[in-house]
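Colleague: So that you have it, the file is query_36.pdb, and it contains PDB, N, CA and C atoms:
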```pdb
ATOM      1  N   MET A   1      89.673 -54.658  38.061
ATOM      2  CA  MET A   1      89.950 -54.201  36.712
ATOM      3  C   MET A   1      88.717 -54.456  35.855
ATOM      4  N   GLN A   2      88.252 -53.439  35.162
ATOM      5  CA  GLN A   2      87.070 -53.566  34.313
ATOM      6  C   GLN A   2      87.475 -53.749  32.863
ATOM      7  N   ALA A   3      86.617 -54.486  32.137
ATOM      8  CA  ALA A   3      86.846 -54.663  30.701
ATOM      9  C   ALA A   3      86.462 -53.379  29.969
ATOM     10  N   ALA A   4      87.059 -53.189  28.828
ATOM     11  CA  ALA A   4      86.726 -52.018  28.011
ATOM     12  C   ALA A   4      85.285 -52.123  27.550
ATOM     13  N   PRO A   5      84.578 -51.001  27.462
ATOM     14  CA  PRO A   5      83.182 -51.051  27.010
ATOM     15  C   PRO A   5      83.095 -51.529  25.566
ATOM     16  N   VAL A   6      82.027 -52.257  25.281
ATOM     17  CA  VAL A   6      81.799 -52.768  23.936
ATOM     18  C   VAL A   6      81.205 -51.656  23.092
ATOM     19  N   ARG A   7      81.713 -51.504  21.894
ATOM     20  CA  ARG A   7      81.228 -50.468  20.981
ATOM     21  C   ARG A   7      79.848 -50.877  20.476
ATOM     22  N   ALA A   8      78.891 -49.987  20.563
ATOM     23  CA  ALA A   8      77.512 -50.297  20.173
ATOM     24  C   ALA A   8      77.319 -50.277  18.658
ATOM     25  N   THR A   9      78.110 -49.473  17.952
ATOM     26  CA  THR A   9      77.966 -49.402  16.499
ATOM     27  C   THR A   9      79.263 -49.837  15.848
ATOM     28  N   ALA A  10      79.127 -50.490  14.718
ATOM     29  CA  ALA A  10      80.303 -50.952  13.986
ATOM     30  C   ALA A  10      80.986 -49.773  13.298
ATOM     31  N   ILE A  11      82.286 -49.889  13.147
ATOM     32  CA  ILE A  11      83.037 -48.874  12.403
ATOM     33  C   ILE A  11      82.688 -49.057  10.926
ATOM     34  N   PRO A  12      82.300 -47.989  10.241
ATOM     35  CA  PRO A  12      81.893 -48.135   8.841
ATOM     36  C   PRO A  12      83.068 -48.552   7.957
ATOM     37  N   SER A  13      82.739 -49.285   6.926
ATOM     38  CA  SER A  13      83.774 -49.693   5.983
ATOM     39  C   SER A  13      84.207 -48.486   5.155
ATOM     40  N   LEU A  14      85.302 -48.645   4.447
ATOM     41  CA  LEU A  14      85.783 -47.569   3.587
ATOM     42  C   LEU A  14      84.748 -47.233   2.515
ATOM     43  N   THR A  15      84.119 -48.269   1.955
ATOM     44  CA  THR A  15      83.092 -48.045   0.930
ATOM     45  C   THR A  15      81.934 -47.226   1.492
ATOM     46  N   THR A  16      81.502 -47.574   2.684
ATOM     47  CA  THR A  16      80.402 -46.840   3.316
ATOM     48  C   THR A  16      80.796 -45.384   3.561
ATOM     49  N   ALA A  17      82.015 -45.177   4.020
ATOM     50  CA  ALA A  17      82.483 -43.813   4.277
ATOM     51  C   ALA A  17      82.563 -43.009   2.980
ATOM     52  N   LEU A  18      83.076 -43.634   1.914
ATOM     53  CA  LEU A  18      83.170 -42.928   0.629
ATOM     54  C   LEU A  18      81.788 -42.588   0.079
ATOM     55  N   ARG A  19      80.845 -43.492   0.221
ATOM     56  CA  ARG A  19      79.487 -43.200  -0.253
ATOM     57  C   ARG A  19      78.850 -42.069   0.543
ATOM     58  N   ALA A  20      79.142 -42.007   1.832
ATOM     59  CA  ALA A  20      78.617 -40.919   2.656
ATOM     60  C   ALA A  20      79.182 -39.575   2.193
ATOM     61  N   VAL A  21      80.485 -39.542   1.930
ATOM     62  CA  VAL A  21      81.107 -38.305   1.435
ATOM     63  C   VAL A  21      80.529 -37.950   0.071
ATOM     64  N   GLU A  22      80.383 -38.961  -0.775
ATOM     65  CA  GLU A  22      79.817 -38.746  -2.112
ATOM     66  C   GLU A  22      78.415 -38.140  -2.009
ATOM     67  N   SER A  23      77.607 -38.651  -1.101
ATOM     68  CA  SER A  23      76.236 -38.145  -0.984
ATOM     69  C   SER A  23      76.211 -36.698  -0.502
ATOM     70  N   LEU A  24      77.228 -36.296   0.266
ATOM     71  CA  LEU A  24      77.301 -34.903   0.712
ATOM     72  C   LEU A  24      77.749 -33.970  -0.411
ATOM     73  N   LEU A  25      78.630 -34.468  -1.281
ATOM     74  CA  LEU A  25      79.222 -33.607  -2.301
ATOM     75  C   LEU A  25      78.452 -33.578  -3.615
ATOM     76  N   MET A  26      77.712 -34.616  -3.919
ATOM     77  CA  MET A  26      77.041 -34.704  -5.219
ATOM     78  C   MET A  26      75.530 -34.804  -5.047
ATOM     79  N   SER A  27      74.833 -34.276  -6.028
ATOM     80  CA  SER A  27      73.387 -34.448  -6.015
ATOM     81  C   SER A  27      73.072 -35.872  -6.471
ATOM     82  N   GLY A  28      71.834 -36.279  -6.301
ATOM     83  CA  GLY A  28      71.432 -37.639  -6.669
ATOM     84  C   GLY A  28      71.681 -37.964  -8.127
ATOM     85  N   GLY A  29      71.408 -37.022  -9.013
ATOM     86  CA  GLY A  29      71.614 -37.247 -10.435
ATOM     87  C   GLY A  29      73.075 -37.433 -10.791
ATOM     88  N   GLN A  30      73.941 -36.680 -10.140
ATOM     89  CA  GLN A  30      75.375 -36.824 -10.386
ATOM     90  C   GLN A  30      75.875 -38.180  -9.921
ATOM     91  N   ARG A  31      75.386 -38.615  -8.758
ATOM     92  CA  ARG A  31      75.786 -39.936  -8.251
ATOM     93  C   ARG A  31      75.354 -41.028  -9.210
ATOM     94  N   THR A  32      74.117 -40.932  -9.684
ATOM     95  CA  THR A  32      73.602 -41.942 -10.616
ATOM     96  C   THR A  32      74.414 -41.946 -11.901
ATOM     97  N   ALA A  33      74.724 -40.772 -12.415
ATOM     98  CA  ALA A  33      75.500 -40.679 -13.650
ATOM     99  C   ALA A  33      76.893 -41.270 -13.458
ATOM    100  N   ARG A  34      77.536 -40.975 -12.323
ATOM    101  CA  ARG A  34      78.876 -41.506 -12.064
ATOM    102  C   ARG A  34      78.846 -43.023 -11.950
ATOM    103  N   ARG A  35      77.863 -43.540 -11.251
ATOM    104  CA  ARG A  35      77.759 -44.996 -11.109
ATOM    105  C   ARG A  35      77.449 -45.664 -12.442
ATOM    106  N   ASN A  36      76.595 -45.045 -13.238
ATOM    107  CA  ASN A  36      76.308 -45.594 -14.567
ATOM    108  C   ASN A  36      77.562 -45.594 -15.436
ATOM    109  N   ALA A  37      78.334 -44.518 -15.351
ATOM    110  CA  ALA A  37      79.568 -44.438 -16.132
ATOM    111  C   ALA A  37      80.545 -45.523 -15.690
ATOM    112  N   TRP A  38      80.672 -45.736 -14.388
ATOM    113  CA  TRP A  38      81.583 -46.760 -13.895
ATOM    114  C   TRP A  38      81.117 -48.156 -14.324
ATOM    115  N   THR A  39      79.820 -48.395 -14.288
ATOM    116  CA  THR A  39      79.281 -49.676 -14.745
ATOM    117  C   THR A  39      79.609 -49.886 -16.217
ATOM    118  N   SER A  40      79.523 -48.833 -17.009
ATOM    119  CA  SER A  40      79.868 -48.925 -18.430
ATOM    120  C   SER A  40      81.350 -49.242 -18.620
ATOM    121  N   VAL A  41      82.201 -48.623 -17.818
ATOM    122  CA  VAL A  41      83.637 -48.899 -17.904
ATOM    123  C   VAL A  41      83.904 -50.368 -17.600
ATOM    124  N   LEU A  42      83.295 -50.880 -16.554
ATOM    125  CA  LEU A  42      83.498 -52.283 -16.189
ATOM    126  C   LEU A  42      82.988 -53.218 -17.280
ATOM    127  N   GLU A  43      81.857 -52.880 -17.873
ATOM    128  CA  GLU A  43      81.308 -53.706 -18.956
ATOM    129  C   GLU A  43      82.213 -53.653 -20.186
ATOM    130  N   ASP A  44      82.751 -52.486 -20.515
ATOM    131  CA  ASP A  44      83.691 -52.372 -21.633
ATOM    132  C   ASP A  44      84.934 -53.221 -21.395
ATOM    133  N   ARG A  45      85.423 -53.205 -20.165
ATOM    134  CA  ARG A  45      86.595 -54.025 -19.832
ATOM    135  C   ARG A  45      86.279 -55.505 -19.996
ATOM    136  N   ARG A  46      85.081 -55.919 -19.571
ATOM    137  CA  ARG A  46      84.690 -57.319 -19.691
ATOM    138  C   ARG A  46      84.612 -57.730 -21.157
ATOM    139  N   ARG A  47      84.015 -56.862 -21.983
ATOM    140  CA  ARG A  47      83.916 -57.169 -23.415
ATOM    141  C   ARG A  47      85.292 -57.226 -24.069
ATOM    142  N   ALA A  48      86.187 -56.331 -23.685
ATOM    143  CA  ALA A  48      87.546 -56.340 -24.235
ATOM    144  C   ALA A  48      88.262 -57.634 -23.851
ATOM    145  N   LYS A  49      88.087 -58.056 -22.628
ATOM    146  CA  LYS A  49      88.694 -59.317 -22.187
ATOM    147  C   LYS A  49      88.131 -60.491 -22.991
ATOM    148  N   ASP A  50      86.822 -60.483 -23.223
ATOM    149  CA  ASP A  50      86.191 -61.538 -24.025
ATOM    150  C   ASP A  50      86.717 -61.531 -25.461
ATOM    151  N   ARG A  51      86.915 -60.333 -26.038
ATOM    152  CA  ARG A  51      87.456 -60.237 -27.406
ATOM    153  C   ARG A  51      88.859 -60.812 -27.492
ATOM    154  N   VAL A  52      89.688 -60.485 -26.506
ATOM    155  CA  VAL A  52      91.059 -61.000 -26.486
ATOM    156  C   VAL A  52      91.036 -62.526 -26.389
ATOM    157  N   GLU A  53      90.191 -63.050 -25.537
ATOM    158  CA  GLU A  53      90.090 -64.504 -25.387
ATOM    159  C   GLU A  53      89.600 -65.156 -26.671
ATOM    160  N   ALA A  54      88.596 -64.571 -27.321
ATOM    161  CA  ALA A  54      88.082 -65.125 -28.578
ATOM    162  C   ALA A  54      89.155 -65.093 -29.658
ATOM    163  N   GLN A  55      89.926 -64.004 -29.714
ATOM    164  CA  GLN A  55      91.001 -63.914 -30.704
ATOM    165  C   GLN A  55      92.066 -64.971 -30.444
ATOM    166  N   ARG A  56      92.375 -65.190 -29.178
ATOM    167  CA  ARG A  56      93.369 -66.209 -28.822
ATOM    168  C   ARG A  56      92.906 -67.590 -29.267
ATOM    169  N   VAL A  57      91.640 -67.908 -29.043
ATOM    170  CA  VAL A  57      91.089 -69.207 -29.448
ATOM    171  C   VAL A  57      91.124 -69.343 -30.969
ATOM    172  N   LEU A  58      90.742 -68.292 -31.685
ATOM    173  CA  LEU A  58      90.778 -68.341 -33.154
ATOM    174  C   LEU A  58      92.202 -68.515 -33.679
ATOM    175  N   ASP A  59      93.151 -67.807 -33.093
ATOM    176  CA  ASP A  59      94.543 -67.933 -33.502
ATOM    177  C   ASP A  59      95.061 -69.354 -33.282
ATOM    178  N   GLN A  60      94.709 -69.931 -32.154
ATOM    179  CA  GLN A  60      95.139 -71.306 -31.874
ATOM    180  C   GLN A  60      94.486 -72.292 -32.831
ATOM    181  N   ALA A  61      93.241 -72.046 -33.198
ATOM    182  CA  ALA A  61      92.551 -72.937 -34.135
ATOM    183  C   ALA A  61      93.215 -72.863 -35.506
ATOM    184  N   LEU A  62      93.645 -71.687 -35.934
ATOM    185  CA  LEU A  62      94.318 -71.546 -37.224
ATOM    186  C   LEU A  62      95.679 -72.226 -37.232
ATOM    187  N   ILE A  63      96.396 -72.153 -36.115
ATOM    188  CA  ILE A  63      97.707 -72.800 -36.015
ATOM    189  C   ILE A  63      97.541 -74.317 -36.027
ATOM    190  N   ALA A  64      96.526 -74.826 -35.368
ATOM    191  CA  ALA A  64      96.316 -76.269 -35.248
ATOM    192  C   ALA A  64      95.769 -76.866 -36.537
ATOM    193  N   ARG A  65      95.262 -76.040 -37.437
ATOM    194  CA  ARG A  65      94.663 -76.522 -38.682
ATOM    195  C   ARG A  65      95.747 -77.101 -39.609
ATOM    196  N   PRO A  66      95.506 -78.284 -40.172
ATOM    197  CA  PRO A  66      96.520 -78.888 -41.042
ATOM    198  C   PRO A  66      96.631 -78.205 -42.388
TER     199      PRO A  66
END
```
Please express what this file holds, its structure, as structure tokens.

Modeller:
Amino acid sequence: MQAAPVRATAIPSLTTALRAVESLLMSGGQRTARRNAWTSVLEDRRRAKDRVEAQRVLDQALIARP
């Protein structure tokens, strides 16, 4: 009985597969624009989270004030 042959190349991750499809469907400029837009969305979310946290701290400071 022989062992199954070892695969020489790794199966690509989902991210790698999606980027490959993206590169086939979009030009370089479109990819850059989409990635920049997504980075902006993530940064906006981070800032919104920071604002909520700052507001929470300020509200607690006002309640604790004698």

Colleague: Could you jot down the atom CA of A:Ser23 to atom CA of A:Arg35 separation for me, Å, one decimal place?

Modeller: 12.3 Å

Colleague: Please return the centre and edge lengths, in Å to one decimal, of a box with edges along x, y and z that contains all listed atoms of stretch 22-41 of chain A, widened by 4 Å on every side, as JSON.

Modeller:
```
{"center_x": 77.7, "center_y": -42.0, "center_z": -9.0, "size_x": 20.5, "size_y": 24.8, "size_z": 27.3}
```

Colleague: Would you compute the distance between atom CA of A:Glu22 and atom CA of A:Arg34? Give it in Å to one decimal.

Modeller: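 Between atom CA of A:Glu22 and atom CA of A:Arg34 the gap is 10.4 Å.
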
Colleague: Any chance you could list, as a ChimeraX atom specification, the residues in chain A that come up alpha helix (DSSP H) when DSSP is run on the backbone?

Modeller: /A:14-25,28-64

Colleague: Grab the atom CA of A:Arg31 to atom CA of A:Leu18 distance for me, in Å with one decimal place.

Modeller: 11.9 Å

Colleague: Could I see stretch 37-59 of chain A restored to N, CA, C and O atoms, set down as a tab-separated table (two decimals), in the coordinates of the input?

Modeller:
```tsv
chain	number	residue	atom	x	y	z
A	37	ALA	N	78.33	-44.52	-15.35
A	37	ALA	CA	79.57	-44.44	-16.13
A	37	ALA	C	80.54	-45.52	-15.69
A	37	ALA	O	81.18	-46.19	-16.52
A	38	TRP	N	80.67	-45.74	-14.39
A	38	TRP	CA	81.58	-46.76	-13.90
A	38	TRP	C	81.12	-48.16	-14.32
A	38	TRP	O	81.94	-48.99	-14.72
A	39	THR	N	79.82	-48.40	-14.29
A	39	THR	CA	79.28	-49.68	-14.74
A	39	THR	C	79.61	-49.89	-16.22
A	39	THR	O	79.98	-51.00	-16.63
A	40	SER	N	79.52	-48.83	-17.01
A	40	SER	CA	79.87	-48.92	-18.43
A	40	SER	C	81.35	-49.24	-18.62
A	40	SER	O	81.71	-50.05	-19.49
A	41	VAL	N	82.20	-48.62	-17.82
A	41	VAL	CA	83.64	-48.90	-17.90
A	41	VAL	C	83.90	-50.37	-17.60
A	41	VAL	O	84.64	-51.05	-18.32
A	42	LEU	N	83.30	-50.88	-16.55
A	42	LEU	CA	83.50	-52.28	-16.19
A	42	LEU	C	82.99	-53.22	-17.28
A	42	LEU	O	83.64	-54.23	-17.59
A	43	GLU	N	81.86	-52.88	-17.87
A	43	GLU	CA	81.31	-53.71	-18.96
A	43	GLU	C	82.21	-53.65	-20.19
A	43	GLU	O	82.44	-54.68	-20.85
A	44	ASP	N	82.75	-52.49	-20.52
A	44	ASP	CA	83.69	-52.37	-21.63
A	44	ASP	C	84.93	-53.22	-21.40
A	44	ASP	O	85.44	-53.87	-22.31
A	45	ARG	N	85.42	-53.20	-20.16
A	45	ARG	CA	86.60	-54.02	-19.83
A	45	ARG	C	86.28	-55.50	-20.00
A	45	ARG	O	87.12	-56.27	-20.48
A	46	ARG	N	85.08	-55.92	-19.57
A	46	ARG	CA	84.69	-57.32	-19.69
A	46	ARG	C	84.61	-57.73	-21.16
A	46	ARG	O	85.13	-58.78	-21.55
A	47	ARG	N	84.02	-56.86	-21.98
A	47	ARG	CA	83.92	-57.17	-23.42
A	47	ARG	C	85.29	-57.23	-24.07
A	47	ARG	O	85.55	-58.09	-24.92
A	48	ALA	N	86.19	-56.33	-23.68
A	48	ALA	CA	87.55	-56.34	-24.24
A	48	ALA	C	88.26	-57.63	-23.85
A	48	ALA	O	88.94	-58.24	-24.69
A	49	LYS	N	88.09	-58.06	-22.63
A	49	LYS	CA	88.69	-59.32	-22.19
A	49	LYS	C	88.13	-60.49	-22.99
A	49	LYS	O	88.88	-61.37	-23.42
A	50	ASP	N	86.82	-60.48	-23.22
A	50	ASP	CA	86.19	-61.54	-24.02
A	50	ASP	C	86.72	-61.53	-25.46
A	50	ASP	O	86.95	-62.59	-26.05
A	51	ARG	N	86.92	-60.33	-26.04
A	51	ARG	CA	87.46	-60.24	-27.41
A	51	ARG	C	88.86	-60.81	-27.49
A	51	ARG	O	89.20	-61.54	-28.43
A	52	VAL	N	89.69	-60.48	-26.51
A	52	VAL	CA	91.06	-61.00	-26.49
A	52	VAL	C	91.04	-62.53	-26.39
A	52	VAL	O	91.77	-63.21	-27.10
A	53	GLU	N	90.19	-63.05	-25.54
A	53	GLU	CA	90.09	-64.50	-25.39
A	53	GLU	C	89.60	-65.16	-26.67
A	53	GLU	O	90.13	-66.18	-27.10
A	54	ALA	N	88.60	-64.57	-27.32
A	54	ALA	CA	88.08	-65.12	-28.58
A	54	ALA	C	89.16	-65.09	-29.66
A	54	ALA	O	89.31	-66.06	-30.42
A	55	GLN	N	89.93	-64.00	-29.71
A	55	GLN	CA	91.00	-63.91	-30.70
A	55	GLN	C	92.07	-64.97	-30.44
A	55	GLN	O	92.59	-65.59	-31.37
A	56	ARG	N	92.38	-65.19	-29.18
A	56	ARG	CA	93.37	-66.21	-28.82
A	56	ARG	C	92.91	-67.59	-29.27
A	56	ARG	O	93.67	-68.36	-29.86
A	57	VAL	N	91.64	-67.91	-29.04
A	57	VAL	CA	91.09	-69.21	-29.45
A	57	VAL	C	91.12	-69.34	-30.97
A	57	VAL	O	91.51	-70.40	-31.50
A	58	LEU	N	90.74	-68.29	-31.68
A	58	LEU	CA	90.78	-68.34	-33.15
A	58	LEU	C	92.20	-68.52	-33.68
A	58	LEU	O	92.44	-69.30	-34.60
A	59	ASP	N	93.15	-67.81	-33.09
A	59	ASP	CA	94.54	-67.93	-33.50
A	59	ASP	C	95.06	-69.35	-33.28
A	59	ASP	O	95.74	-69.91	-34.12
```
